[in-house]
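Pasted below: final26.csv, CSV, C-alpha atoms and all ligand atoms.
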```
chain,number,residue,atom,x,y,z
A,291,MET,CA,18.5,17.1,-21.8
A,292,ASN,CA,19.2,14.7,-19.0
A,293,GLY,CA,21.5,15.4,-16.1
A,294,LYS,CA,21.9,15.6,-12.4
A,295,CYS,CA,18.8,16.8,-10.5
A,296,PRO,CA,19.7,20.2,-9.2
A,297,LEU,CA,17.6,19.6,-6.0
A,298,CYS,CA,18.4,16.0,-4.9
A,299,ASP,CA,21.4,15.1,-7.1
A,300,TRP,CA,19.6,12.1,-8.6
A,301,PRO,CA,21.9,11.3,-11.6
A,302,ASP,CA,19.3,11.1,-14.3
A,303,ALA,CA,16.7,13.9,-14.3
A,304,GLU,CA,15.0,15.4,-17.3
A,305,LEU,CA,16.0,19.0,-17.4
A,306,THR,CA,14.7,21.9,-19.5
A,307,TYR,CA,16.4,25.2,-19.0
A,308,GLY,CA,14.5,28.5,-19.3
A,309,GLU,CA,15.8,31.7,-20.9
A,310,PHE,CA,19.4,32.5,-20.1
A,311,GLY,CA,19.5,29.5,-17.8
A,312,ARG,CA,17.8,31.5,-15.1
A,313,SER,CA,15.4,28.7,-14.3
A,314,VAL,CA,15.1,25.0,-14.8
A,315,MET,CA,12.2,22.7,-15.1
A,316,ALA,CA,13.1,19.2,-13.8
A,317,LYS,CA,11.4,15.9,-13.9
A,318,CYS,CA,13.2,13.7,-11.4
A,319,LEU,CA,12.4,10.1,-10.5
A,320,ARG,CA,13.4,10.7,-6.9
A,321,CYS,CA,12.0,14.2,-6.1
A,322,GLY,CA,9.3,14.7,-8.6
A,323,GLN,CA,8.7,17.7,-10.8
A,324,PHE,CA,9.4,21.3,-10.2
A,325,ASN,CA,10.3,24.6,-11.9
A,326,ALA,CA,12.9,26.5,-10.0
A,327,THR,CA,14.7,29.7,-10.5
A,328,GLU,CA,18.5,29.9,-10.2
A,329,ASP,CA,18.1,32.1,-7.1
A,330,ALA,CA,15.8,29.6,-5.5
A,331,LEU,CA,18.2,26.7,-6.2
A,332,HIS,CA,21.1,28.7,-4.7
A,333,LYS,CA,19.0,29.4,-1.6
A,334,ILE,CA,17.8,25.8,-1.4
A,335,LYS,CA,21.4,24.6,-0.9
A,336,GLN,CA,21.5,26.3,2.5
A,337,THR,CA,18.0,25.1,3.5
A,338,LYS,CA,17.6,22.8,6.4
A,339,ASP,CA,15.4,19.7,6.0
A,340,ILE,CA,15.6,19.8,2.3
A,341,HIS,CA,14.5,16.1,2.3
A,342,LYS,CA,11.1,17.3,3.2
A,343,LEU,CA,10.9,19.3,0.0
A,344,TRP,CA,11.9,16.2,-2.0
A,345,ALA,CA,9.2,14.3,-0.2
A,346,HIS,CA,6.6,17.0,-0.8
A,347,LEU,CA,7.4,17.2,-4.5
A,348,ARG,CA,7.4,13.5,-4.9
A,349,GLU,CA,4.1,13.3,-3.2
A,350,ARG,CA,2.7,15.9,-5.7
A,351,ALA,CA,4.1,13.9,-8.6
A,352,GLU,CA,2.5,10.7,-7.3
A,353,ARG,CA,-0.8,12.5,-7.2
A,354,ARG,CA,-0.1,13.9,-10.7
A,355,GLU,CA,-0.3,17.4,-9.6
A,356,PRO,CA,1.4,20.1,-11.7
A,357,GLU,CA,5.0,20.9,-11.0
A,358,LEU,CA,5.6,23.4,-8.3
A,359,GLU,CA,7.1,26.8,-9.1
A,360,ILE,CA,9.9,27.5,-6.6
A,361,THR,CA,11.3,31.0,-6.4
A,362,ALA,CA,13.6,32.7,-4.0
A,363,THR,CA,10.5,34.5,-2.7
A,364,ASN,CA,8.2,31.6,-2.0
A,365,LEU,CA,10.8,29.0,-0.9
A,366,GLN,CA,10.5,29.9,2.8
A,367,THR,CA,6.7,29.8,2.7
A,368,ILE,CA,6.8,26.4,1.1
A,369,MET,CA,9.4,25.1,3.6
A,370,ASP,CA,7.4,26.5,6.6
A,371,ASN,CA,4.3,24.7,5.6
A,372,LEU,CA,5.8,21.2,5.1
A,373,PRO,CA,4.6,18.7,7.7
A,374,SER,CA,6.8,16.9,10.3
A,375,TYR,CA,5.9,13.3,10.6
A,376,SER,CA,6.6,10.9,13.5
A,377,THR,CA,8.4,7.6,12.9
A,378,ASN,CA,5.0,5.8,13.1
A,379,GLU,CA,3.5,8.2,10.6
A,380,LYS,CA,6.4,7.7,8.2
A,381,GLN,CA,5.8,3.9,8.4
A,382,LEU,CA,2.2,4.4,7.6
A,383,LEU,CA,3.1,6.7,4.6
A,384,LEU,CA,5.4,4.0,3.4
A,385,LEU,CA,2.7,1.3,3.8
A,386,ARG,CA,0.3,3.6,1.8
A,387,ALA,CA,2.9,4.0,-0.9
A,388,ILE,CA,3.3,0.2,-1.1
A,389,GLU,CA,-0.5,-0.1,-1.1
A,390,LYS,CA,-0.7,2.3,-4.1
A,391,ARG,CA,1.7,0.1,-6.0
A,392,THR,CA,-0.2,-3.1,-5.2
A,393,SER,CA,-2.7,-4.1,-7.8
A,394,TYR,CA,-4.0,-7.2,-6.0
A,395,PRO,CA,-3.6,-8.5,-2.4
A,396,GLY,CA,-0.4,-10.7,-2.1
A,397,GLU,CA,1.4,-9.0,-5.0
A,398,GLU,CA,5.1,-8.5,-4.5
A,399,VAL,CA,6.1,-4.8,-5.0
A,400,THR,CA,9.6,-3.6,-5.7
A,401,MET,CA,10.8,-0.4,-4.0
A,402,ASP,CA,14.1,1.2,-4.6
A,403,SER,CA,15.5,2.6,-1.4
A,404,GLU,CA,17.7,5.1,-3.2
A,405,LYS,CA,15.0,6.4,-5.5
A,406,ASP,CA,11.9,5.9,-3.3
A,407,PHE,CA,12.9,7.1,0.2
A,408,PRO,CA,11.1,10.4,-0.2
A,409,LEU,CA,7.8,8.4,-0.4
A,410,ALA,CA,8.2,7.7,3.3
A,411,TRP,CA,9.4,11.3,4.1
A,412,ALA,CA,12.7,9.7,5.0
A,413,LYS,CA,15.9,11.7,5.0
A,414,LYS,CA,18.0,9.1,3.2
A,415,SER,CA,17.9,5.5,2.0
A,416,ALA,CA,19.2,4.3,5.4
A,417,GLU,CA,16.1,5.7,7.1
A,418,PHE,CA,13.9,4.1,4.4
A,419,GLY,CA,15.6,0.8,5.1
A,420,PHE,CA,14.8,1.2,8.8
A,421,LEU,CA,11.2,2.0,8.1
A,422,THR,CA,10.7,-1.0,5.8
A,423,GLU,CA,12.4,-3.3,8.4
A,424,SER,CA,10.1,-1.9,11.1
A,425,LEU,CA,7.0,-2.6,9.0
A,426,LYS,CA,8.3,-6.2,8.6
A,427,ASP,CA,9.0,-6.5,12.3
A,428,ARG,CA,5.4,-5.4,13.0
A,429,GLY,CA,4.1,-8.0,10.7
A,430,LEU,CA,2.6,-5.5,8.3
A,431,ILE,CA,4.7,-6.5,5.3
A,432,SER,CA,6.8,-9.4,4.4
A,433,ARG,CA,10.1,-8.6,2.8
A,434,LEU,CA,12.6,-10.2,0.5
A,435,ASP,CA,15.7,-8.4,-0.5
A,436,ALA,CA,17.5,-9.3,-3.7
A,437,TYR,CA,18.0,-6.4,-6.1
A,438,GLY,CA,16.0,-3.6,-4.5
A,439,VAL,CA,13.5,-4.3,-1.8
A,440,HIS,CA,10.6,-6.7,-2.6
A,441,VAL,CA,7.7,-6.3,-0.2
A,442,THR,CA,4.2,-7.7,0.1
A,443,ILE,CA,1.5,-6.3,2.4
A,444,THR,CA,0.4,-9.0,4.8
A,445,ALA,CA,-3.2,-9.6,6.0
A,446,ASN,CA,-2.2,-7.7,9.2
A,447,GLY,CA,-1.0,-4.9,7.0
A,448,TRP,CA,-4.3,-4.6,5.1
A,449,ASP,CA,-6.1,-4.7,8.5
A,450,TYR,CA,-3.8,-1.9,9.7
A,451,LEU,CA,-4.5,0.2,6.6
A,452,ASP,CA,-8.2,-0.1,7.1
A,453,LYS,CA,-7.9,1.3,10.6
A,454,HIS,CA,-5.5,4.1,10.1
A,455,GLU,CA,-6.0,7.4,8.5
A,456,ILE,CA,-2.9,9.7,8.1
A,457,GLN,CA,-3.5,12.4,10.6
A,458,PRO,CA,-2.3,15.8,9.4
A,459,ASP,CA,0.4,17.6,11.3
A,460,THR,CA,-1.7,20.6,12.0
A,461,ASP,CA,-2.5,23.0,14.8
A,462,GLN,CA,-6.1,23.5,13.7
A,463,VAL,CA,-8.8,22.6,16.1
A,464,PHE,CA,-12.4,22.3,14.9
A,465,VAL,CA,-15.0,23.8,17.3
A,466,ALA,CA,-18.5,22.2,17.0
A,467,MET,CA,-21.1,24.3,18.9
A,468,TRP,CA,-24.3,26.2,18.7
A,469,PHE,CA,-23.5,29.8,17.6
A,470,SER,CA,-26.8,31.4,16.9
A,471,ASP,CA,-28.6,31.5,20.3
A,472,GLU,CA,-30.7,34.6,20.8
A,473,THR,CA,-29.1,35.7,24.0
A,474,GLY,CA,-25.6,35.8,22.5
A,475,GLU,CA,-24.4,33.7,25.5
A,476,MET,CA,-22.7,31.1,23.2
A,477,LYS,CA,-20.6,33.7,21.6
A,478,ASN,CA,-19.1,34.4,25.0
A,479,VAL,CA,-18.7,30.7,25.6
A,480,TYR,CA,-16.6,30.6,22.5
A,481,GLU,CA,-14.6,33.8,22.9
A,482,GLU,CA,-14.0,33.6,26.7
A,483,GLY,CA,-13.9,29.9,27.2
A,484,ILE,CA,-13.0,27.7,24.2
A,485,LYS,CA,-11.0,30.1,22.0
A,486,LYS,CA,-8.8,31.2,25.0
A,487,ALA,CA,-8.2,27.6,26.1
A,488,VAL,CA,-7.3,26.4,22.6
A,489,ASN,CA,-5.0,29.4,22.0
A,490,GLU,CA,-3.3,28.9,25.3
A,491,THR,CA,-2.4,25.4,24.4
A,492,GLY,CA,-0.8,26.5,21.2
A,493,TYR,CA,-3.6,25.5,18.7
A,494,LYS,CA,-5.8,27.5,16.4
A,495,PRO,CA,-9.6,27.1,16.8
A,496,ILE,CA,-11.7,27.2,13.7
A,497,ARG,CA,-15.5,27.5,13.7
A,498,MET,CA,-17.8,27.2,10.7
A,499,ASP,CA,-19.5,30.6,11.0
A,500,GLU,CA,-16.1,32.3,10.9
A,501,LEU,CA,-15.3,30.9,7.5
A,502,LEU,CA,-16.2,32.6,4.3
A,503,HIS,CA,-17.0,29.9,1.8
A,504,VAL,CA,-18.8,29.2,-1.4
A,505,GLU,CA,-18.9,25.4,-1.1
A,506,PRO,CA,-21.9,23.7,0.4
A,507,ILE,CA,-21.5,24.0,4.2
A,508,ASN,CA,-21.3,20.2,4.7
A,509,ALA,CA,-18.4,19.7,2.2
A,510,LYS,CA,-16.5,22.5,3.8
A,511,MET,CA,-17.2,21.2,7.3
A,512,ILE,CA,-16.1,17.7,6.4
A,513,SER,CA,-12.8,18.9,5.0
A,514,GLU,CA,-12.2,21.2,8.0
A,515,ILE,CA,-12.7,18.3,10.4
A,516,LYS,CA,-10.4,16.2,8.3
A,517,ASN,CA,-7.8,18.9,8.5
A,518,SER,CA,-8.0,19.4,12.2
A,519,LYS,CA,-6.0,17.7,14.9
A,520,PHE,CA,-9.0,17.3,17.3
A,521,VAL,CA,-12.5,18.6,17.9
A,522,VAL,CA,-14.0,20.5,20.8
A,523,ALA,CA,-17.8,19.7,20.9
A,524,GLU,CA,-19.8,22.1,23.1
A,525,VAL,CA,-23.1,20.4,23.3
A,526,THR,CA,-25.0,23.0,25.3
A,527,GLY,CA,-28.2,23.7,23.3
A,528,GLU,CA,-28.3,20.2,21.9
A,529,ARG,CA,-27.9,21.1,18.3
A,530,GLN,CA,-28.0,18.2,15.9
A,531,ASN,CA,-25.1,19.5,13.8
A,532,VAL,CA,-22.8,19.5,16.9
A,533,TYR,CA,-23.5,15.8,17.4
A,534,PHE,CA,-23.1,15.1,13.7
A,535,GLU,CA,-19.7,16.9,13.6
A,536,ALA,CA,-18.5,15.1,16.8
A,537,GLY,CA,-19.6,11.7,15.4
A,538,TYR,CA,-17.9,12.3,12.1
A,539,ALA,CA,-14.6,13.3,13.8
A,540,MET,CA,-14.8,10.1,16.0
A,541,ALA,CA,-15.2,8.0,13.0
A,542,LEU,CA,-12.0,9.5,11.7
A,543,ASN,CA,-10.2,8.6,14.9
A,544,LYS,CA,-9.9,12.2,15.9
A,545,PRO,CA,-10.1,12.9,19.6
A,546,VAL,CA,-13.3,14.8,20.6
A,547,ILE,CA,-13.5,16.7,23.8
A,548,PHE,CA,-17.1,17.2,25.0
A,549,CYS,CA,-18.2,20.1,27.1
A,550,ALA,CA,-21.6,21.2,28.5
A,551,LYS,CA,-22.9,23.8,30.8
A,552,LYS,CA,-24.1,22.4,34.2
A,553,HIS,CA,-27.8,21.7,34.5
A,554,LYS,CA,-28.2,21.5,30.8
A,555,LYS,CA,-29.4,18.2,29.5
A,556,ILE,CA,-26.8,16.0,27.8
A,557,HIS,CA,-28.0,14.0,24.9
A,558,PHE,CA,-28.5,10.4,25.7
A,559,ASP,CA,-26.0,9.1,23.0
A,560,THR,CA,-23.0,11.0,24.3
A,561,GLN,CA,-23.6,10.5,28.0
A,562,MET,CA,-21.1,7.6,27.9
A,563,PHE,CA,-18.3,10.0,27.0
A,564,PRO,CA,-16.6,12.2,29.6
A,565,HIS,CA,-17.8,15.8,29.5
A,566,ILE,CA,-16.3,18.9,31.0
A,567,ILE,CA,-19.3,20.2,32.9
A,568,TRP,CA,-18.8,23.8,33.7
A,569,GLU,CA,-20.6,26.7,35.3
A,570,GLU,CA,-18.4,29.7,34.8
A,571,LEU,CA,-16.5,30.6,31.6
A,572,GLU,CA,-13.3,30.9,33.6
A,573,GLU,CA,-13.8,27.3,34.7
A,574,LEU,CA,-14.5,26.1,31.2
A,575,LYS,CA,-11.4,27.8,30.0
A,576,ASP,CA,-9.2,26.3,32.7
A,577,ARG,CA,-10.6,22.8,32.5
A,578,LEU,CA,-10.5,22.7,28.8
A,579,CYS,CA,-6.9,23.8,28.8
A,580,ASP,CA,-6.0,21.0,31.3
A,581,THR,CA,-7.9,18.4,29.2
A,582,ILE,CA,-6.2,19.4,26.0
A,583,CYS,CA,-2.8,19.2,27.7
A,584,ALA,CA,-3.6,15.8,29.1
A,585,VAL,CA,-5.4,14.2,26.1
A,586,ILE,CA,-3.6,15.8,23.2
A,587,GLY,CA,-0.5,17.5,24.6
A,588,LYS,CA,0.5,21.1,24.2
A,589,LYS,CA,1.4,22.0,20.7
A,590,GLN,CA,5.2,21.8,20.5
A,591,LYS,CA,7.1,24.0,18.2
A,592,THR,CA,8.3,21.8,15.2
A,593,LYS,CA,11.8,20.5,15.9
A,594,VAL,CA,14.5,21.5,13.5
B,1,ZN,ZN,15.5,15.2,-7.7
```
Entire entry expressed as structure tokens:
Amino acid sequence: MNGKCPLCDWPDAELTYGEFGRSVMAKCLRCGQFNATEDALHKIKQTKDIHKLWAHLRERAERREPELEITATNLQTIMDNLPSYSTNEKQLLLLRAIEKRTSYPGEEVTMDSEKDFPLAWAKKSAEFGFLTESLKDRGLISRLDAYGVHVTITANGWDYLDKHEIQPDTDQVFVAMWFSDETGEMKNVYEEGIKKAVNETGYKPIRMDELLHVEPINAKMISEIKNSKFVVAEVTGERQNVYFEAGYAMALNKPVIFCAKKHKKIHFDTQMFPHIIWEELEELKDRLCDTICAVIGKKQKTKV
């Protein structure tokens, strides 16, 4: 049967009720697909930032992922793991959504601000309106309003899309370094220097040899770099994989902070980038901490 979406109130959702009406499976044009228990729906009504859940479900539907099971037990975990996007990032998400609907350059695409605002992780249609207007002001789309919002990606918009990857809102930091030196010195460099500095600034370091994985190491490494906010590359020991990982991150526009122990040779190709040259581990920790604060900023608690 069709009826009001129990999550976002869209008037025309496809609803299938489970046994005794204790759960409902919904297909909604605004907030995607989900299977929610009655308890979960009751809890959702008191949940802050519910629009983020709409956006998340809609994103899954766009990617044709199976509907999400929402229960009273997993609701909080789902909510806690939803990203927070800046206004700029929301504009980029919207531009990506328009791109997805464009089958040839110059095509006019119709967006419905009431139905499609979750595509931009907007709270409501008014925010969606602002975001489309901003894209127009920045020359990334041209816009014509009649019924709905008719938009076309401009040449500048295509250029912008080429240059911008959506950066995940994450506290993960990828550490590229040599781990298997015989003296075990590098382990201390990680534990006493890098790990402490990263933790102190509110981020979580990840290193490849700490991960249990079954995938080929390169595929895992590539996905972990993609999922990281920035990379710390400790080049002492001049390992090729460290340069490869740093280079890959730079190609993705991720900030890379280079460090090296004093008197150790720095590879010719990275000499042009600033390095934290350290002698003592304490010094590495303090200077890395300062650099992270300056270049990236301390990890802020997500605003509610
Ligand atoms: Zn809905």
Quiz item: Given a cut-off of 6 Å, what residues near ligand ZN 1 (chain B) show up using all atoms listed in the file, put as an NGL selection string?
Solution: :A and (295 or 297-300 or 318 or 320-321)
Quiz prompt | Pairwise distance for atom CA of A:Asn508 and atom CA of A:Arg529, rounded to one decimal in Å | solution =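 Answer for the atom CA of A:Asn508 to atom CA of A:Arg529 separation: 15.1 Å.
Residue nearest A:Val399, chosen from A:Asp427, A:Asp302, A:Asp435, A:Glu524 and counting only C-alpha atoms: A:Asp435.
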Exercise. Find, counting only C-alpha atoms, the residue in A:Lys589, A:Gln561, A:Ile547, A:Met315 that gets nearest to A:Gln462.
Key: A:Lys589
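When all atoms listed in the file are used to compute distances to A:Ala412, the closest of the residues A:Thr392, A:Ser376, A:Asn446, A:Ser470 turns out to be A:Ser376.
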